[in-house]
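Note: the block below is input-v4.txt and it holds compact mmCIF, C-alpha atoms (C1' of nucleotides).
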```txt
# COMPACT_ATOMS: atom_id res chain seq x y z
CA MET A 1 -4.75 -13.98 -1.12
CA ARG A 2 -3.72 -14.37 2.48
CA LEU A 3 -0.04 -14.61 1.62
CA PHE A 4 -0.15 -11.67 -0.79
CA ALA A 5 -1.94 -9.55 1.81
CA GLN A 6 0.50 -10.49 4.54
CA HIS A 7 3.85 -10.31 2.79
CA GLY A 8 3.16 -8.54 -0.48
CA TYR A 9 2.98 -9.98 -3.98
CA ALA A 10 6.65 -9.54 -4.79
CA ALA A 11 7.78 -11.09 -1.52
CA VAL A 12 5.69 -14.25 -1.89
CA SER A 13 7.15 -17.11 -3.92
CA MET A 14 5.27 -19.77 -5.81
CA ARG A 15 6.99 -22.25 -3.50
CA GLN A 16 5.42 -20.56 -0.48
CA ILE A 17 2.01 -20.66 -2.08
CA ALA A 18 2.49 -24.32 -2.97
CA ARG A 19 3.55 -25.20 0.56
CA ASP A 20 0.55 -23.36 1.95
CA VAL A 21 -1.95 -25.26 -0.18
CA GLY A 22 -0.11 -28.55 0.19
CA VAL A 23 1.38 -29.26 -3.23
CA GLN A 24 4.75 -28.91 -4.89
CA ALA A 25 5.51 -25.71 -6.76
CA GLY A 26 5.22 -27.29 -10.20
CA ALA A 27 1.68 -28.43 -9.56
CA LEU A 28 0.47 -24.84 -9.23
CA TYR A 29 0.90 -24.37 -12.94
CA ASN A 30 -2.01 -26.72 -13.52
CA TYR A 31 -4.23 -23.99 -12.06
CA THR A 32 -2.66 -20.75 -13.18
CA PRO A 33 -0.50 -19.85 -16.18
CA ASP A 34 1.73 -17.70 -14.00
CA LYS A 35 2.02 -15.73 -10.80
CA GLN A 36 0.76 -12.51 -12.36
CA SER A 37 -2.56 -14.14 -13.20
CA LEU A 38 -3.05 -15.07 -9.55
CA LEU A 39 -2.80 -11.42 -8.59
CA PHE A 40 -4.94 -10.17 -11.43
CA ASP A 41 -7.69 -12.72 -10.79
CA LEU A 42 -7.85 -11.75 -7.12
CA MET A 43 -8.15 -8.08 -7.93
CA GLN A 44 -10.59 -8.52 -10.79
CA THR A 45 -12.85 -10.69 -8.68
CA HIS A 46 -12.73 -8.19 -5.86
CA MET A 47 -13.60 -5.21 -8.02
CA GLY A 48 -16.26 -7.20 -9.85
CA ASP A 49 -17.89 -8.16 -6.56
CA LEU A 50 -17.82 -4.54 -5.44
CA LEU A 51 -19.44 -3.28 -8.63
CA ALA A 52 -22.03 -6.06 -8.47
CA ALA A 53 -22.88 -5.21 -4.87
CA ARG A 54 -23.26 -1.58 -5.83
CA ALA A 55 -25.51 -2.49 -8.76
CA GLU A 56 -27.78 -4.45 -6.43
CA LEU A 57 -28.54 -1.45 -4.26
CA PRO A 58 -32.08 -0.15 -4.80
CA MET A 59 -32.34 3.13 -6.66
CA GLU A 60 -32.78 6.01 -4.23
CA PRO A 61 -34.23 9.20 -5.66
CA ASP A 62 -33.17 11.14 -2.57
CA PRO A 63 -29.42 11.96 -2.74
CA VAL A 64 -29.04 11.76 1.03
CA ALA A 65 -30.57 8.29 1.12
CA ALA A 66 -28.49 7.26 -1.88
CA LEU A 67 -25.30 8.49 -0.25
CA LYS A 68 -26.15 6.73 2.98
CA ALA A 69 -26.77 3.46 1.16
CA PHE A 70 -23.56 3.82 -0.82
CA ALA A 71 -21.53 4.64 2.29
CA ARG A 72 -22.96 1.71 4.24
CA LEU A 73 -22.24 -0.67 1.41
CA HIS A 74 -18.72 0.63 0.89
CA LEU A 75 -17.82 0.50 4.56
CA ARG A 76 -19.28 -2.94 5.17
CA PHE A 77 -17.88 -4.39 1.97
CA HIS A 78 -14.40 -3.16 2.84
CA ALA A 79 -14.49 -3.95 6.55
CA GLU A 80 -15.48 -7.53 5.74
CA ARG A 81 -12.64 -8.06 3.26
CA PRO A 82 -9.43 -6.69 4.75
CA ASP A 83 -7.15 -8.94 2.71
CA GLU A 84 -8.81 -8.26 -0.63
CA VAL A 85 -8.85 -4.52 0.01
CA PHE A 86 -5.24 -4.46 1.10
CA ILE A 87 -4.20 -6.19 -2.10
CA ALA A 88 -6.45 -4.05 -4.26
CA TYR A 89 -4.75 -0.90 -2.97
CA MET A 90 -1.19 -2.06 -2.45
CA GLU A 91 -0.48 -4.23 -5.43
CA LEU A 92 -1.62 -2.06 -8.30
CA ARG A 93 1.96 -1.39 -9.31
CA ASN A 94 2.65 -5.11 -9.57
CA LEU A 95 0.05 -5.57 -12.27
CA SER A 96 1.16 -5.76 -15.87
CA ASP A 97 0.23 -2.72 -17.93
CA ASP A 98 -2.77 -4.41 -19.52
CA ASN A 99 -4.07 -5.75 -16.26
CA PHE A 100 -3.56 -2.42 -14.53
CA THR A 101 -5.68 -0.69 -17.15
CA LYS A 102 -8.53 -3.13 -16.63
CA ILE A 103 -8.55 -2.77 -12.87
CA GLU A 104 -8.31 1.00 -13.07
CA GLU A 105 -11.36 1.10 -15.33
CA MET A 106 -13.34 -0.82 -12.76
CA ARG A 107 -12.22 1.45 -9.98
CA ARG A 108 -13.07 4.51 -12.02
CA ALA A 109 -16.54 3.13 -12.76
CA TYR A 110 -17.12 2.68 -9.05
CA GLU A 111 -15.94 6.17 -8.15
CA ASP A 112 -18.14 7.63 -10.87
CA GLN A 113 -21.19 6.14 -9.20
CA LEU A 114 -20.42 7.97 -5.99
CA GLU A 115 -19.68 11.20 -7.79
CA ALA A 116 -23.04 10.98 -9.59
CA ILE A 117 -24.80 10.84 -6.23
CA LEU A 118 -22.85 13.83 -4.98
CA ARG A 119 -23.54 15.83 -8.13
CA ALA A 120 -27.26 15.15 -7.86
CA GLY A 121 -27.26 16.28 -4.26
CA ILE A 122 -25.34 19.44 -5.09
CA GLU A 123 -27.76 20.29 -7.90
CA GLN A 124 -30.71 19.77 -5.61
CA GLY A 125 -29.10 21.89 -2.96
CA VAL A 126 -29.06 19.20 -0.28
CA PHE A 127 -25.25 18.83 -0.25
CA ARG A 128 -22.86 21.66 0.45
CA VAL A 129 -19.45 20.82 -1.00
CA ALA A 130 -17.18 22.92 -3.17
CA ASP A 131 -16.03 20.18 -5.56
CA SER A 132 -17.74 16.91 -6.35
CA LYS A 133 -14.56 15.19 -7.50
CA ILE A 134 -12.62 16.02 -4.36
CA ALA A 135 -15.61 15.13 -2.23
CA THR A 136 -15.74 11.76 -3.98
CA MET A 137 -12.10 11.04 -3.30
CA ALA A 138 -12.35 12.31 0.26
CA ALA A 139 -15.40 10.18 1.01
CA ILE A 140 -13.86 7.03 -0.41
CA ALA A 141 -10.58 7.60 1.42
CA MET A 142 -12.36 8.26 4.69
CA LEU A 143 -14.55 5.18 4.45
CA THR A 144 -11.83 2.86 3.18
CA GLY A 145 -9.64 4.01 6.03
CA VAL A 146 -11.76 1.91 8.34
CA ASN A 147 -9.54 -1.00 7.35
CA THR A 148 -6.50 0.52 9.02
CA TRP A 149 -7.99 0.06 12.46
CA PHE A 150 -11.28 -1.84 12.50
CA ARG A 151 -11.25 -5.49 13.53
CA GLN A 152 -14.31 -7.67 13.99
CA GLY A 153 -14.84 -8.35 17.69
CA GLY A 154 -13.20 -5.11 18.85
CA ARG A 155 -14.53 -2.21 20.88
CA LEU A 156 -17.23 -1.32 18.38
CA SER A 157 -19.51 -3.45 16.24
CA LEU A 158 -19.66 -2.95 12.51
CA SER A 159 -23.15 -1.45 12.86
CA GLU A 160 -21.89 1.12 15.33
CA VAL A 161 -18.97 1.98 13.10
CA GLU A 162 -21.31 2.37 10.15
CA GLN A 163 -23.45 4.76 12.11
CA ILE A 164 -20.52 6.90 13.26
CA TYR A 165 -18.91 7.08 9.84
CA TRP A 166 -22.24 7.96 8.26
CA GLU A 167 -22.75 10.85 10.64
CA MET A 168 -19.31 12.20 9.83
CA LEU A 169 -19.80 11.78 6.10
CA ARG A 170 -23.25 13.34 6.22
CA GLN A 171 -21.83 16.33 8.04
CA ALA A 172 -18.83 16.50 5.72
CA VAL A 173 -21.05 16.95 2.66
CA GLY A 174 -23.21 19.44 4.52
CA ALA A 175 -26.41 17.39 4.52
CA GLN A 176 -29.07 17.85 7.18
CA SER A 177 -29.90 14.80 9.32
CA GLU A 178 -32.91 12.90 8.04
CA MET B 179 13.22 6.30 -2.37
CA ARG B 180 12.10 6.82 -5.92
CA LEU B 181 12.67 3.19 -6.83
CA PHE B 182 10.98 1.85 -3.70
CA ALA B 183 7.97 4.11 -4.32
CA GLN B 184 7.70 3.10 -7.94
CA HIS B 185 8.26 -0.63 -7.82
CA GLY B 186 8.01 -1.56 -4.17
CA TYR B 187 10.75 -2.47 -1.73
CA ALA B 188 10.69 -6.19 -2.43
CA ALA B 189 10.76 -5.72 -6.18
CA VAL B 190 13.80 -3.43 -6.18
CA SER B 191 17.23 -5.04 -6.16
CA MET B 192 20.42 -3.64 -4.79
CA ARG B 193 21.76 -3.89 -8.34
CA GLN B 194 18.97 -1.62 -9.59
CA ILE B 195 19.71 0.91 -6.88
CA ALA B 196 23.41 0.77 -7.71
CA ARG B 197 22.75 1.30 -11.41
CA ASP B 198 20.51 4.24 -10.61
CA VAL B 199 23.12 6.03 -8.52
CA GLY B 200 25.96 5.06 -10.84
CA VAL B 201 28.02 2.54 -8.88
CA GLN B 202 28.38 -1.21 -8.80
CA ALA B 203 26.27 -3.19 -6.35
CA GLY B 204 29.10 -3.96 -3.98
CA ALA B 205 29.88 -0.28 -3.47
CA LEU B 206 26.46 0.32 -1.88
CA TYR B 207 27.56 -1.56 1.17
CA ASN B 208 29.95 1.25 1.99
CA TYR B 209 26.88 3.34 2.73
CA THR B 210 24.38 0.94 4.23
CA PRO B 211 24.78 -2.29 6.15
CA ASP B 212 21.91 -3.85 4.21
CA LYS B 213 18.79 -3.23 2.17
CA GLN B 214 16.50 -3.23 5.18
CA SER B 215 18.34 -0.24 6.65
CA LEU B 216 17.69 1.75 3.49
CA LEU B 217 13.96 1.27 3.95
CA PHE B 218 13.99 1.92 7.66
CA ASP B 219 16.06 5.08 7.32
CA LEU B 220 13.68 6.47 4.71
CA MET B 221 10.65 5.82 6.88
CA GLN B 222 12.23 7.02 10.09
CA THR B 223 13.36 10.25 8.48
CA HIS B 224 9.91 10.79 7.03
CA MET B 225 8.08 10.25 10.30
CA GLY B 226 10.65 12.31 12.17
CA ASP B 227 10.17 15.20 9.76
CA LEU B 228 6.42 14.94 10.17
CA LEU B 229 6.59 15.00 13.95
CA ALA B 230 9.05 17.89 13.85
CA ALA B 231 6.81 19.88 11.54
CA ARG B 232 3.89 19.26 13.85
CA ALA B 233 5.94 20.35 16.86
CA GLU B 234 6.77 23.62 15.15
CA LEU B 235 3.13 24.62 14.81
CA PRO B 236 2.18 27.40 17.22
CA MET B 237 -0.04 26.39 20.11
CA GLU B 238 -3.67 27.20 19.34
CA PRO B 239 -5.98 27.45 22.35
CA ASP B 240 -9.03 27.31 20.08
CA PRO B 241 -9.69 23.70 18.98
CA VAL B 242 -11.09 24.82 15.63
CA ALA B 243 -7.97 26.84 14.87
CA ALA B 244 -5.79 23.99 16.11
CA LEU B 245 -7.59 21.50 13.89
CA LYS B 246 -7.32 23.79 10.91
CA ALA B 247 -3.60 24.24 11.42
CA PHE B 248 -3.11 20.50 11.86
CA ALA B 249 -5.14 19.69 8.77
CA ARG B 250 -3.28 22.23 6.63
CA LEU B 251 0.06 20.91 7.78
CA HIS B 252 -0.91 17.29 7.24
CA LEU B 253 -2.31 17.88 3.79
CA ARG B 254 0.56 20.02 2.60
CA PHE B 255 3.22 17.80 4.10
CA HIS B 256 1.73 14.75 2.41
CA ALA B 257 0.91 16.37 -0.93
CA GLU B 258 4.51 17.56 -1.18
CA ARG B 259 6.00 14.13 -0.51
CA PRO B 260 4.15 11.55 -2.58
CA ASP B 261 7.04 9.09 -2.68
CA GLU B 262 7.79 9.22 1.03
CA VAL B 263 4.12 8.86 1.93
CA PHE B 264 3.62 5.99 -0.44
CA ILE B 265 6.52 4.12 1.11
CA ALA B 266 5.46 4.97 4.65
CA TYR B 267 2.07 3.39 4.05
CA MET B 268 2.89 0.55 1.71
CA GLU B 269 6.09 -0.86 3.05
CA LEU B 270 5.31 -1.28 6.73
CA ARG B 271 5.11 -5.02 6.33
CA ASN B 272 8.60 -5.14 4.86
CA LEU B 273 10.14 -3.71 8.01
CA SER B 274 11.79 -6.06 10.45
CA ASP B 275 9.86 -6.53 13.68
CA ASP B 276 12.06 -4.12 15.62
CA ASN B 277 11.94 -1.45 12.95
CA PHE B 278 8.20 -1.82 12.55
CA THR B 279 7.69 -1.20 16.25
CA LYS B 280 9.74 2.00 16.10
CA ILE B 281 7.84 3.39 13.12
CA GLU B 282 4.51 2.46 14.62
CA GLU B 283 5.35 4.36 17.78
CA MET B 284 6.04 7.46 15.75
CA ARG B 285 2.83 7.11 13.84
CA ARG B 286 0.90 6.60 17.04
CA ALA B 287 2.44 9.70 18.58
CA TYR B 288 1.33 11.72 15.58
CA GLU B 289 -2.22 10.39 15.67
CA ASP B 290 -2.41 11.11 19.38
CA GLN B 291 -1.75 14.78 18.69
CA LEU B 292 -4.75 14.97 16.41
CA GLU B 293 -6.92 13.06 18.82
CA ALA B 294 -5.98 15.47 21.61
CA ILE B 295 -7.26 18.37 19.51
CA LEU B 296 -10.50 16.55 18.80
CA ARG B 297 -11.00 15.65 22.44
CA ALA B 298 -10.50 19.25 23.51
CA GLY B 299 -13.03 20.41 20.96
CA ILE B 300 -15.55 17.81 22.05
CA GLU B 301 -15.16 18.80 25.70
CA GLN B 302 -15.63 22.44 24.83
CA GLY B 303 -18.67 21.61 22.76
CA VAL B 304 -17.33 23.04 19.51
CA PHE B 305 -17.01 19.66 17.78
CA ARG B 306 -19.88 17.27 17.27
CA VAL B 307 -18.50 13.77 16.73
CA ALA B 308 -19.50 10.51 18.37
CA ASP B 309 -16.03 9.04 18.86
CA SER B 310 -12.72 10.87 18.99
CA LYS B 311 -10.69 7.83 17.97
CA ILE B 312 -12.75 7.11 14.87
CA ALA B 313 -12.82 10.79 14.01
CA THR B 314 -9.02 10.82 14.24
CA MET B 315 -8.65 7.90 11.88
CA ALA B 316 -11.29 9.26 9.53
CA ALA B 317 -9.66 12.67 9.37
CA ILE B 318 -6.20 11.27 8.70
CA ALA B 319 -7.49 8.89 6.06
CA MET B 320 -9.45 11.62 4.35
CA LEU B 321 -6.53 14.05 4.27
CA THR B 322 -3.89 11.51 3.33
CA GLY B 323 -6.12 10.38 0.49
CA VAL B 324 -5.17 13.56 -1.32
CA ASN B 325 -2.11 11.65 -2.53
CA THR B 326 -4.19 9.27 -4.61
CA TRP B 327 -5.21 11.99 -7.01
CA PHE B 328 -3.47 15.34 -6.39
CA ARG B 329 -0.59 16.34 -8.64
CA GLN B 330 1.19 19.66 -8.57
CA GLY B 331 0.27 21.66 -11.63
CA GLY B 332 -3.14 20.06 -12.07
CA ARG B 333 -6.64 21.54 -12.11
CA LEU B 334 -6.40 22.88 -8.58
CA SER B 335 -3.58 24.52 -6.68
CA LEU B 336 -2.48 23.17 -3.33
CA SER B 337 -3.99 26.20 -1.61
CA GLU B 338 -7.36 25.56 -3.20
CA VAL B 339 -7.20 21.91 -2.25
CA GLU B 340 -6.32 22.85 1.31
CA GLN B 341 -9.33 25.13 1.48
CA ILE B 342 -11.74 22.53 0.11
CA TYR B 343 -10.49 19.75 2.36
CA TRP B 344 -10.64 22.01 5.37
CA GLU B 345 -14.26 22.89 4.71
CA MET B 346 -15.15 19.21 4.48
CA LEU B 347 -13.21 18.33 7.60
CA ARG B 348 -14.69 21.24 9.52
CA GLN B 349 -18.17 20.13 8.56
CA ALA B 350 -17.35 16.48 9.30
CA VAL B 351 -16.50 17.27 12.91
CA GLY B 352 -19.54 19.51 13.21
CA ALA B 353 -17.64 22.78 13.77
CA GLN B 354 -19.17 26.14 12.85
CA SER B 355 -17.30 28.21 10.29
CA GLU B 356 -15.02 30.78 11.87
C1' DG C 357 -3.14 -33.92 -11.55
C1' DT C 358 1.03 -34.34 -8.89
C1' DC C 359 5.56 -35.47 -8.54
C1' DT C 360 10.89 -34.91 -9.01
C1' DA C 361 14.30 -32.74 -11.42
C1' DT C 362 16.07 -29.04 -13.72
C1' DA C 363 16.81 -24.90 -16.86
C1' DT C 364 17.89 -20.26 -16.30
C1' DG C 365 18.45 -16.27 -14.08
C1' DA C 366 18.72 -13.05 -10.28
C1' DA C 367 18.76 -12.04 -5.50
C1' DG C 368 21.58 -10.15 -1.02
C1' DA C 369 25.84 -9.89 0.61
C1' DT C 370 31.02 -10.46 0.95
C1' DA C 371 36.17 -10.82 -0.39
C1' DG C 372 40.01 -8.85 -1.82
C1' DA C 373 42.57 -6.13 -5.47
C1' DC C 374 43.50 -1.42 -6.52
C1' DG D 375 35.74 4.15 -1.81
C1' DT D 376 35.00 1.49 -5.92
C1' DC D 377 35.76 -2.29 -8.63
C1' DT D 378 35.36 -7.34 -10.26
C1' DA D 379 34.42 -11.74 -8.95
C1' DT D 380 32.05 -14.84 -6.32
C1' DC D 381 29.38 -17.37 -2.52
C1' DT D 382 24.98 -19.02 -1.50
C1' DT D 383 20.37 -19.04 -1.91
C1' DC D 384 16.28 -18.43 -4.03
C1' DA D 385 13.24 -17.15 -7.84
C1' DT D 386 9.76 -18.40 -11.98
C1' DA D 387 8.76 -21.63 -14.96
C1' DT D 388 9.08 -26.08 -17.61
C1' DA D 389 9.87 -31.21 -18.75
C1' DG D 390 8.63 -35.57 -18.43
C1' DA D 391 7.66 -39.76 -15.41
C1' DC D 392 3.86 -41.82 -13.08
```

The structure in this file should be written as structure tokens.
Amino acid sequence: MRLFAQHGYAAVSMRQIARDVGVQAGALYNYTPDKQSLLFDLMQTHMGDLLAARAELPMEPDPVAALKAFARLHLRFHAERPDEVFIAYMELRNLSDDNFTKIEEMRRAYEDQLEAILRAGIEQGVFRVADSKIATMAAIAMLTGVNTWFRQGGRLSLSEVEQIYWEMLRQAVGAQSE
Amino acid sequence: MRLFAQHGYAAVSMRQIARDVGVQAGALYNYTPDKQSLLFDLMQTHMGDLLAARAELPMEPDPVAALKAFARLHLRFHAERPDEVFIAYMELRNLSDDNFTKIEEMRRAYEDQLEAILRAGIEQGVFRVADSKIATMAAIAMLTGVNTWFRQGGRLSLSEVEQIYWEMLRQAVGAQSE
DNA sequence: GTCTATATGAAGATAGAC
DNA sequence: GTCTATCTTCATATAGAC
């Protein structure tokens, strides 16, 4: 995962991976059928963990509370896993067709959860956005973008960053402060 | 550019490029000293075009108007160049150290322009955001995210998308509608 | 379960004829 | 300016000894 995140899947050789874990290249094939499976397993595990974390959130009847919980989870989950997230976004095109389809389904399922929250809030009149689909994509892009700059131990703590992003997201969807 | 965007820099061979443009591999070296220069030139041209387009925007004394103009430019510029943008974001790690530094400087210069607008608006009390740096990164991430889903000729026109994103961004930074 | 050795192919880049 | 041919290195993956 570290090597793929740093150099990219295509640029990393099985020999590099073997050197990094302290075996010869041939020995890797006792653990994986091929290089593609290494990438797919990383991405499938990542998306599975994300969906599981989402499923563990308590049900929130209030759309604002639900959005806040979703946003906090998304931001924290991503900020804590820079390598996994980088791979999940950058290496989609290096998946085989079958594997790509599976990962895309998981991603779609996750996005649908956010859109459901936004739709509920729009129906109840607590969110003011013109298009739930665009708002979904905008929210995810904004929150995931934290990984382009945030580093643990920097100017701001993760809690502070969560708070600031939540305020911006809350305003973006036109929700009143709680 | 098309091949790099589709398969990734590392996964594209000089032979593939040659086949695509209709020459033999050796002939490419009459046009470029090496593969790295192809990537760097694409990215440098892209960032240069972006900075030039930004520089051509009229000066707006009102921070809200300035932000709106910046957002429209950013969104349109990116939506119209999916391949260039994809490469500019995904292939940074495949640049040599020197080339990476040059591209990063250009990106930083661009981000600084947005942050200056946000700072001015905060000082004048027309924006309500906790941190101008985070707001800068959030705004850019949100707008650039349009490339993950927008396609010309889809459900929404670029003008409609511009309008919807602007409303969300305006609300996100706490600005009143004009 | 790891090793060495290797099969097989493709990579970036260059040389030199035309 | 393009070609063919080639240098050199590296790739994924497998075979078979230990």

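Picture a line from CA of Glu345 (chain B) to CA of His252 (chain B); it runs 14.7 Å.
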
| task | Do a neighbour search on Val351 (chain B) at 10 Å with only C-alpha atoms (C1' of nucleotides), toss out local chain neighbours closer than 5 positions, and write the hits as a ChimeraX atom specification. | result | /A:167-169,171-172 /B:242,245,296,299-300,304-308,310,313-314,317,346

| request: Within 12 Å of (-11.2, 25.2, 1.1) (coordinates as in the file), grab all the protein and nucleic acid residues, counting all atoms listed in the file, and write them out as a list in words. | output: Val129, Ala130, Asp131, Ile134 and Ala135 of chain A; Lys246, Ala249, Arg250, Leu253, Leu334, Ser335, Leu336, Ser337, Glu338, Val339, Glu340, Gln341, Ile342, Tyr343, Trp344, Glu345, Met346, Leu347, Arg348, Gln349 and Ser355 of chain B

Can you write out as a Markdown table which residues of chain D fall within 9 Å of chain A, alongside each residue's closest atom pair and its distance in Å to one decimal, counting only C-alpha atoms (C1' of nucleotides) and ordering rows by chain and ascending residue number?
```
| residue | atom | partner | partner_atom | distance |
| --- | --- | --- | --- | --- |
| D:DA385 | C1' | A:Ser13 | CA | 7.2 |
| D:DT386 | C1' | A:Met14 | CA | 7.8 |
| D:DA387 | C1' | A:Asp34 | CA | 8.1 |
| D:DT388 | C1' | A:Gly26 | CA | 8.4 |
```

| task | Just give me the gap between C1' of DT358 (chain C) and CA of Asn30 (chain A) in Å, one decimal is fine. | result |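 Straight-line distance from C1' of DT358 (chain C) to CA of Asn30 (chain A) works out to 9.4 Å.
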
| query | Quick one: which residues from chain A are at most 8 Å off chain C, using only C-alpha atoms (C1' of nucleotides), as number ranges by chain? | reply | A: 23-24, 27, 30
